[in-house]
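**Q** Quick one: this structure, given as C-alpha cells, is what I'll be asking you about.
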Amino acid sequence: MPVYTCTAAQGTLTSGSKAALAAEITRIHVAINHVPPAYVNVVFSEPPPDSVFAGGEPGAPLIINGWVRRGHPQQEATRLALELSSAAARIAGVAEDHVMVVLQDGPARSAVEGGRVLPEPGQEKEWLARQGET
Amino acid sequence: MPVYTCTAAQGTLTSGSKAALAAEITRIHVAINHVPPAYVNVVFSEPPPDSVFAGGEPGAPLIINGWVRRGHPQQEATRLALELSSAAARIAGVAEDHVMVVLQDGPARSAVEGGRVLPEPGQEKEWLARQGET
Amino acid sequence: MPVYTCTAAQGTLTSGSKAALAAEITRIHVAINHVPPAYVNVVFSEPPPDSVFAGGEPGAPLIINGWVRRGHPQQEATRLALELSSAAARIAGVAEDHVMVVLQDGPARSAVEGGRVLPEPGQEKEWLARQGET
C-alpha cells in the first residue's frame with residue numbers, strides 16, 4: 001500500500017545497500033502500519049551527481065519520500081519517519097544530517113492496488129480477508 | 001493540469017507501450033476530470049531492476065502516481081484510479097496484482113501552469129476562456 | 001526542509017542550467033519561506049525523450065514538484081509557485097507555456113531532517129536554535 005521512493009546521487013548507494021535499505025524500510029513500515037510486507041513498494045532513483053543539490057550547491061542528500069494512506073495517527077507517522085531516518089543513515093553509511101524523510105498522505109479511496117480500492121487505516125484485515133474473493 | 005508519473009523497472013515497458021499508456025491515461029483523465037488533453041502530463045521513470053522492490057524483495061510493480069487538484073468529488077477520484085489501474089494492466093501486459101495507482105491531491109492555488117495559477121475544480125471553463133488574454 | 005524535483009526530458013537542460021536553476025529555486029524559497037539555504041534540496045530527473053508526454057503526445061514540459069510543510073499561508077504558496085515558474089522558464093530557456101509548478105504540502109510532523117522532526121511553519125527559529133544541542 002505504501003510507496004517509498006529513495007533518491008540519492010549515483011554512487012551513494014551500492015546494489016547491496018539498496019537491497020538492505022528496501023528490506024529495512026519494509027520491516028519498519030510493517031511493524032508500525034500493520035500491512036503485510038508484500039504490499040510495501042520501494043523504488044530507488046539515482047540521478048547523476050550534477051543533478052542533486054542542497055543549499056543551491058551540488059550535495060549528497062539521501063531523500064526518502066513515502067506515500068501512505070491518510071488517517072494513521074500522527075504520532076505513528078512521526079515515529080515511522082524517525083525510524084526510517086535512523087535506519088537509512090545506518091544502512092547507507094550516510095551521516096543522518098544528510099538524510100531527509102518525508103511522508104505524504106492521501107485518501108485511501110484515491111488509491112488502487114491489485115485492482116481494488118485501498119482500505120482506510122484500521123480496516124486492513126477485512127480488506128485482506130476479501131482478497132481473492134473478487 | 002495533472003502530472004502522472006509511471007514507474008516500472010527497465011524492461012517492463014516498451015517505447016510503444018509507454019506511448020499507448022500515456023495516450024490512455026490522457027483519455028481517461030480528460031473524460032473524468034474535464035480538462036483539455038494538452039494539459040495532461042505523463043512521465044515514465046524506469047530504474048534498473050536492482051532498484052525496484054516489493055515486500056523487500058526485487059519486484060516488478062507498475063506504479064502510477066498522479067497529482068490532481070484538490071476538490072474533485074471523491075467518487076470521481078476513486079473511479080479515475082480504478083480505470084487507470086485496469087488500463088495500465090491491459091496496455092503494459094502486467095497482471096493487475098502488480099499495478100498500483102495513487103492519486104495525490106493538492107491545492108489548485110499552489111500550482112501554476114503556463115504562468116497562471118490553476119483553477120479550482122469546476123472553474124476550468126472560465127480559466128481556459130481567459131487563456132491568451134493575459 | 002523542502003524537496004524540489006525538476007523533471008524534463010534529456011537534452012532540455014544543460015549541467016549549467018541545472019546548477020543555475022537549483023540556485024534560483026533555493027534563493028526564491030529562502031526569501032518566501034524563511035529557511036536557511038542549506039535546507040533546500042533540489043533534484044533533477046531527466047528521462048529519455050520517449051518517456052515524457054503532454055496531451056498524450058511526446059512533449060517537452062518542464063515540471064517542478066515541490067514538497068513543503070503544510071501551514072504556510074496559501075497566498076505565499078501561490079507567490080512561491082508563480083516565481084518558480086517564471087524563473088524556470090527564464091533560466092531553462094523554455095517557453096513558460098511548457099512550465100508546470102506544483103507545490104504539495106504535508107504535515108511537518110511527518111517529516112524528519114538531520115534526525116529531527118521538522119518544525120511547524122513559523123517555528124523555524126526555535127528549531128534552528130536547538131540544532132547542535134541534541
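Each chain of the C-alpha cells is named A, B, ... in the order shown, its residues numbered from 1; ligands are numbered from 1 in display order.
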Among the residues of region 2-131 of chain B, find those DSSP assigns to helix (DSSP H, G or I) from the backbone and print them as a VMD selection string.
**A** chain B and resid 15 to 33 37 to 39 49 to 51 74 to 92 96 to 98 108 to 110 124 to 130
**Q** Contacts of Ala87 (chain C) at 12 Å or less, counting only C-alpha atoms, minus same-chain residues fewer than 5 places along, as an MDAnalysis selection string?
**A** (chainID B and resid 115) or (chainID C and resid 17 20:29 62 64 80:82 92:96 99:101)
**Q** Can you write just those residues out, N, CA, C and O atoms, as a compact mmCIF listing (two decimals), in the first residue's frame?
**A**
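again33.txt written:
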# COMPACT_ATOMS: atom_id res chain seq x y z
N GLY B 115 2.34 29.81 -16.56
CA GLY B 115 2.45 31.11 -15.90
C GLY B 115 1.21 31.55 -15.14
O GLY B 115 1.17 32.64 -14.58
N SER C 17 22.55 24.89 -16.71
CA SER C 17 21.22 25.42 -16.41
C SER C 17 20.63 24.71 -15.19
O SER C 17 19.85 25.31 -14.44
N ALA C 20 22.16 26.55 -12.27
CA ALA C 20 21.57 27.89 -12.13
C ALA C 20 20.14 27.81 -11.61
O ALA C 20 19.72 28.63 -10.78
N LEU C 21 19.40 26.83 -12.10
CA LEU C 21 18.01 26.69 -11.66
C LEU C 21 17.95 26.26 -10.19
O LEU C 21 17.13 26.77 -9.41
N ALA C 22 18.82 25.35 -9.80
CA ALA C 22 18.87 24.92 -8.39
C ALA C 22 19.17 26.12 -7.48
O ALA C 22 18.55 26.29 -6.42
N ALA C 23 20.11 26.95 -7.92
CA ALA C 23 20.47 28.12 -7.11
C ALA C 23 19.29 29.09 -7.00
O ALA C 23 19.01 29.65 -5.94
N GLU C 24 18.58 29.27 -8.11
CA GLU C 24 17.47 30.23 -8.10
C GLU C 24 16.26 29.70 -7.33
O GLU C 24 15.60 30.46 -6.60
N ILE C 25 15.97 28.42 -7.47
CA ILE C 25 14.89 27.82 -6.67
C ILE C 25 15.20 28.01 -5.19
O ILE C 25 14.34 28.38 -4.38
N THR C 26 16.45 27.78 -4.83
CA THR C 26 16.87 27.92 -3.43
C THR C 26 16.69 29.36 -2.96
O THR C 26 16.15 29.63 -1.89
N ARG C 27 17.15 30.30 -3.79
CA ARG C 27 17.04 31.71 -3.43
C ARG C 27 15.57 32.13 -3.22
O ARG C 27 15.22 32.78 -2.22
N ILE C 28 14.72 31.73 -4.14
CA ILE C 28 13.31 32.11 -4.05
C ILE C 28 12.66 31.47 -2.82
O ILE C 28 11.93 32.13 -2.07
N HIS C 29 12.94 30.20 -2.60
CA HIS C 29 12.33 29.51 -1.45
C HIS C 29 12.75 30.16 -0.13
O HIS C 29 11.93 30.36 0.76
N LEU C 62 8.55 21.15 -18.64
CA LEU C 62 9.48 21.22 -17.50
C LEU C 62 8.59 21.28 -16.27
O LEU C 62 7.82 22.23 -16.10
N ILE C 64 8.12 21.16 -12.19
CA ILE C 64 8.77 21.33 -10.88
C ILE C 64 7.77 20.96 -9.80
O ILE C 64 6.72 21.57 -9.68
N LEU C 80 5.05 31.73 -4.30
CA LEU C 80 6.21 30.86 -4.50
C LEU C 80 6.10 30.12 -5.84
O LEU C 80 7.05 30.08 -6.64
N ALA C 81 4.92 29.55 -6.10
CA ALA C 81 4.73 28.79 -7.35
C ALA C 81 4.89 29.70 -8.56
O ALA C 81 5.52 29.34 -9.56
N LEU C 82 4.33 30.91 -8.49
CA LEU C 82 4.43 31.84 -9.62
C LEU C 82 5.88 32.25 -9.88
O LEU C 82 6.33 32.29 -11.03
N ALA C 92 15.86 28.07 -17.89
CA ALA C 92 15.97 26.89 -18.75
C ALA C 92 15.79 27.23 -20.22
O ALA C 92 16.02 26.39 -21.09
N GLY C 93 15.37 28.47 -20.49
CA GLY C 93 15.14 28.84 -21.89
C GLY C 93 13.97 28.08 -22.49
O GLY C 93 13.98 27.70 -23.65
N VAL C 94 12.96 27.84 -21.64
CA VAL C 94 11.77 27.11 -22.07
C VAL C 94 10.60 28.10 -22.05
O VAL C 94 10.53 28.94 -21.16
N ALA C 95 9.71 28.03 -23.04
CA ALA C 95 8.52 28.89 -23.00
C ALA C 95 7.73 28.59 -21.74
O ALA C 95 7.57 27.42 -21.37
N GLU C 96 7.22 29.63 -21.05
CA GLU C 96 6.53 29.39 -19.77
C GLU C 96 5.27 28.54 -19.99
O GLU C 96 4.80 27.87 -19.07
N VAL C 99 5.97 25.16 -18.78
CA VAL C 99 6.43 25.00 -17.40
C VAL C 99 5.24 24.75 -16.48
O VAL C 99 4.22 25.43 -16.57
N MET C 100 5.38 23.75 -15.64
CA MET C 100 4.34 23.47 -14.63
C MET C 100 5.00 23.38 -13.26
O MET C 100 6.02 22.70 -13.10
N VAL C 101 4.42 24.08 -12.30
CA VAL C 101 4.93 24.03 -10.92
C VAL C 101 3.81 23.53 -10.01
O VAL C 101 2.69 24.05 -10.07
**Q** Just want the 8 Å neighbourhood of Asp50 (chain B), counted on only C-alpha atoms, with same-chain residues fewer than 3 positions away dropped. Output as a list of chain:residue names.
**A** A:Ser15, A:Lys18, A:Ala19, B:Pro47, B:Phe53, B:Pro58
**Q** Go ahead and write the residues just picked, C-alpha atoms, as a PDB file, in the first residue's frame.
**A**
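Saved as part02.pdb:
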ATOM      1  CA  SER A  15      23.290  -2.647  -5.032  1.00  0.00           C
ATOM      2  CA  LYS A  18      19.720  -0.677  -1.761  1.00  0.00           C
ATOM      3  CA  ALA A  19      18.532  -4.224  -1.061  1.00  0.00           C
TER       4      ALA A  19
ATOM      5  CA  PRO B  47      15.003   2.452 -12.767  1.00  0.00           C
ATOM      6  CA  PHE B  53      11.335  -3.774  -4.590  1.00  0.00           C
ATOM      7  CA  PRO B  58      13.267  -7.368  -6.067  1.00  0.00           C
TER       8      PRO B  58
END
**Q** Select residues of chain A: the criterion is any atom within 10 Å of an atom of chain C, counting only C-alpha atoms; output as an NGL selection string.
**A** :A and (7-9 or 45-61 or 63-66 or 74-86 or 89 or 95-106)
**Q** With DSSP run on the backbone, what are the strand (DSSP E or B) residues within chain A? I'd like them as a compact mmCIF listing (two decimals) with N, CA, C and O atoms, in the first residue's frame.
**A**
# COMPACT_ATOMS: atom_id res chain seq x y z
N VAL A 3 4.19 3.51 -0.96
CA VAL A 3 5.24 3.57 -1.99
C VAL A 3 6.34 4.47 -1.44
O VAL A 3 6.10 5.63 -1.13
N TYR A 4 7.53 3.92 -1.32
CA TYR A 4 8.67 4.71 -0.88
C TYR A 4 9.62 4.93 -2.05
O TYR A 4 10.00 3.97 -2.73
N THR A 5 9.98 6.17 -2.27
CA THR A 5 10.98 6.48 -3.29
C THR A 5 12.21 7.06 -2.60
O THR A 5 12.11 8.07 -1.88
N CYS A 6 13.34 6.40 -2.78
CA CYS A 6 14.59 6.85 -2.17
C CYS A 6 15.46 7.47 -3.25
O CYS A 6 15.74 6.83 -4.27
N THR A 7 15.89 8.70 -3.04
CA THR A 7 16.67 9.41 -4.04
C THR A 7 18.04 9.75 -3.48
O THR A 7 18.16 10.32 -2.39
N ASN A 41 6.08 -1.13 -1.29
CA ASN A 41 6.87 -0.90 -2.50
C ASN A 41 8.00 0.09 -2.23
O ASN A 41 7.76 1.11 -1.61
N VAL A 42 9.19 -0.24 -2.70
CA VAL A 42 10.34 0.66 -2.51
C VAL A 42 11.05 0.80 -3.86
O VAL A 42 11.37 -0.20 -4.51
N VAL A 43 11.29 2.04 -4.26
CA VAL A 43 11.95 2.32 -5.53
C VAL A 43 13.13 3.25 -5.27
O VAL A 43 13.03 4.15 -4.44
N PHE A 44 14.23 3.03 -5.96
CA PHE A 44 15.38 3.93 -5.83
C PHE A 44 15.54 4.74 -7.11
O PHE A 44 15.41 4.22 -8.22
N SER A 45 15.83 6.01 -6.91
CA SER A 45 16.09 6.90 -8.04
C SER A 45 17.48 7.48 -7.83
O SER A 45 17.77 8.06 -6.78
N VAL A 52 21.89 16.74 -8.24
CA VAL A 52 21.42 16.72 -6.86
C VAL A 52 22.06 17.88 -6.10
O VAL A 52 23.29 17.99 -6.05
N PHE A 53 21.21 18.73 -5.53
CA PHE A 53 21.69 19.95 -4.89
C PHE A 53 21.11 20.10 -3.49
O PHE A 53 19.97 19.74 -3.23
N ALA A 54 21.91 20.65 -2.59
CA ALA A 54 21.42 21.07 -1.28
C ALA A 54 21.99 22.46 -1.05
O ALA A 54 23.18 22.70 -1.27
N GLU A 57 23.96 24.17 -3.93
CA GLU A 57 25.27 23.64 -4.34
C GLU A 57 25.15 22.13 -4.54
O GLU A 57 24.28 21.49 -3.92
N PRO A 58 26.02 21.55 -5.37
CA PRO A 58 25.99 20.08 -5.50
C PRO A 58 26.04 19.46 -4.11
O PRO A 58 26.83 19.88 -3.26
N LEU A 62 20.32 12.07 1.03
CA LEU A 62 19.55 10.84 0.78
C LEU A 62 18.13 11.18 1.20
O LEU A 62 17.87 11.49 2.37
N ILE A 63 17.22 11.17 0.22
CA ILE A 63 15.85 11.63 0.45
C ILE A 63 14.90 10.45 0.33
O ILE A 63 14.91 9.76 -0.69
N ILE A 64 14.12 10.22 1.35
CA ILE A 64 13.14 9.14 1.31
C ILE A 64 11.75 9.77 1.36
O ILE A 64 11.40 10.45 2.31
N ASN A 65 11.00 9.54 0.29
CA ASN A 65 9.66 10.11 0.17
C ASN A 65 8.66 8.96 0.19
O ASN A 65 8.71 8.10 -0.68
N GLY A 66 7.81 8.94 1.17
CA GLY A 66 6.84 7.85 1.24
C GLY A 66 5.42 8.35 1.06
O GLY A 66 5.07 9.42 1.55
N TRP A 67 4.62 7.58 0.36
CA TRP A 67 3.19 7.86 0.29
C TRP A 67 2.48 6.86 1.18
O TRP A 67 2.68 5.65 1.04
N VAL A 68 1.67 7.38 2.09
CA VAL A 68 0.91 6.49 2.97
C VAL A 68 -0.55 6.93 2.97
O VAL A 68 -0.87 8.08 2.64
N ARG A 69 -1.43 6.02 3.34
CA ARG A 69 -2.85 6.37 3.40
C ARG A 69 -3.10 7.38 4.52
O ARG A 69 -2.55 7.27 5.60
N VAL A 99 20.24 13.03 5.71
CA VAL A 99 19.07 12.20 5.42
C VAL A 99 17.80 13.02 5.64
O VAL A 99 17.67 13.70 6.65
N MET A 100 16.89 12.93 4.70
CA MET A 100 15.59 13.59 4.85
C MET A 100 14.50 12.57 4.56
O MET A 100 14.57 11.84 3.55
N VAL A 101 13.52 12.51 5.42
CA VAL A 101 12.38 11.60 5.23
C VAL A 101 11.11 12.44 5.20
O VAL A 101 10.89 13.27 6.10
N VAL A 102 10.30 12.23 4.19
CA VAL A 102 9.02 12.93 4.07
C VAL A 102 7.92 11.91 3.86
O VAL A 102 8.02 11.08 2.95
N LEU A 103 6.90 11.92 4.69
CA LEU A 103 5.74 11.05 4.47
C LEU A 103 4.58 11.91 4.00
O LEU A 103 4.15 12.82 4.70
N GLN A 104 4.14 11.64 2.79
CA GLN A 104 2.98 12.36 2.26
C GLN A 104 1.77 11.46 2.38
O GLN A 104 1.86 10.26 2.11
N ASP A 105 0.65 12.03 2.76
CA ASP A 105 -0.52 11.17 2.87
C ASP A 105 -1.56 11.57 1.84
O ASP A 105 -1.55 12.67 1.30
N GLY A 106 -2.41 10.62 1.54
CA GLY A 106 -3.50 10.89 0.61
C GLY A 106 -4.65 9.96 0.95
O GLY A 106 -4.47 8.99 1.70
N ALA A 111 -6.66 5.56 -4.07
CA ALA A 111 -5.57 4.65 -4.44
C ALA A 111 -6.11 3.25 -4.68
O ALA A 111 -7.04 2.81 -4.00
N VAL A 112 -5.51 2.59 -5.65
CA VAL A 112 -5.96 1.25 -6.07
C VAL A 112 -4.74 0.35 -6.16
O VAL A 112 -3.71 0.75 -6.73
N GLU A 113 -4.83 -0.82 -5.56
CA GLU A 113 -3.73 -1.80 -5.69
C GLU A 113 -4.36 -3.16 -6.00
O GLU A 113 -5.35 -3.54 -5.38
N ARG A 116 -8.08 -3.11 -6.61
CA ARG A 116 -9.05 -2.82 -5.54
C ARG A 116 -8.70 -1.53 -4.81
O ARG A 116 -7.54 -1.26 -4.52
N VAL A 117 -9.74 -0.76 -4.51
CA VAL A 117 -9.55 0.48 -3.75
C VAL A 117 -8.98 0.13 -2.38
O VAL A 117 -9.41 -0.83 -1.74
**Q** Have a look at CA of Glu126 (chain A) and CA of Gly71 (chain A) and let me know their distance in Å, one decimal.
**A** 16.8 Å
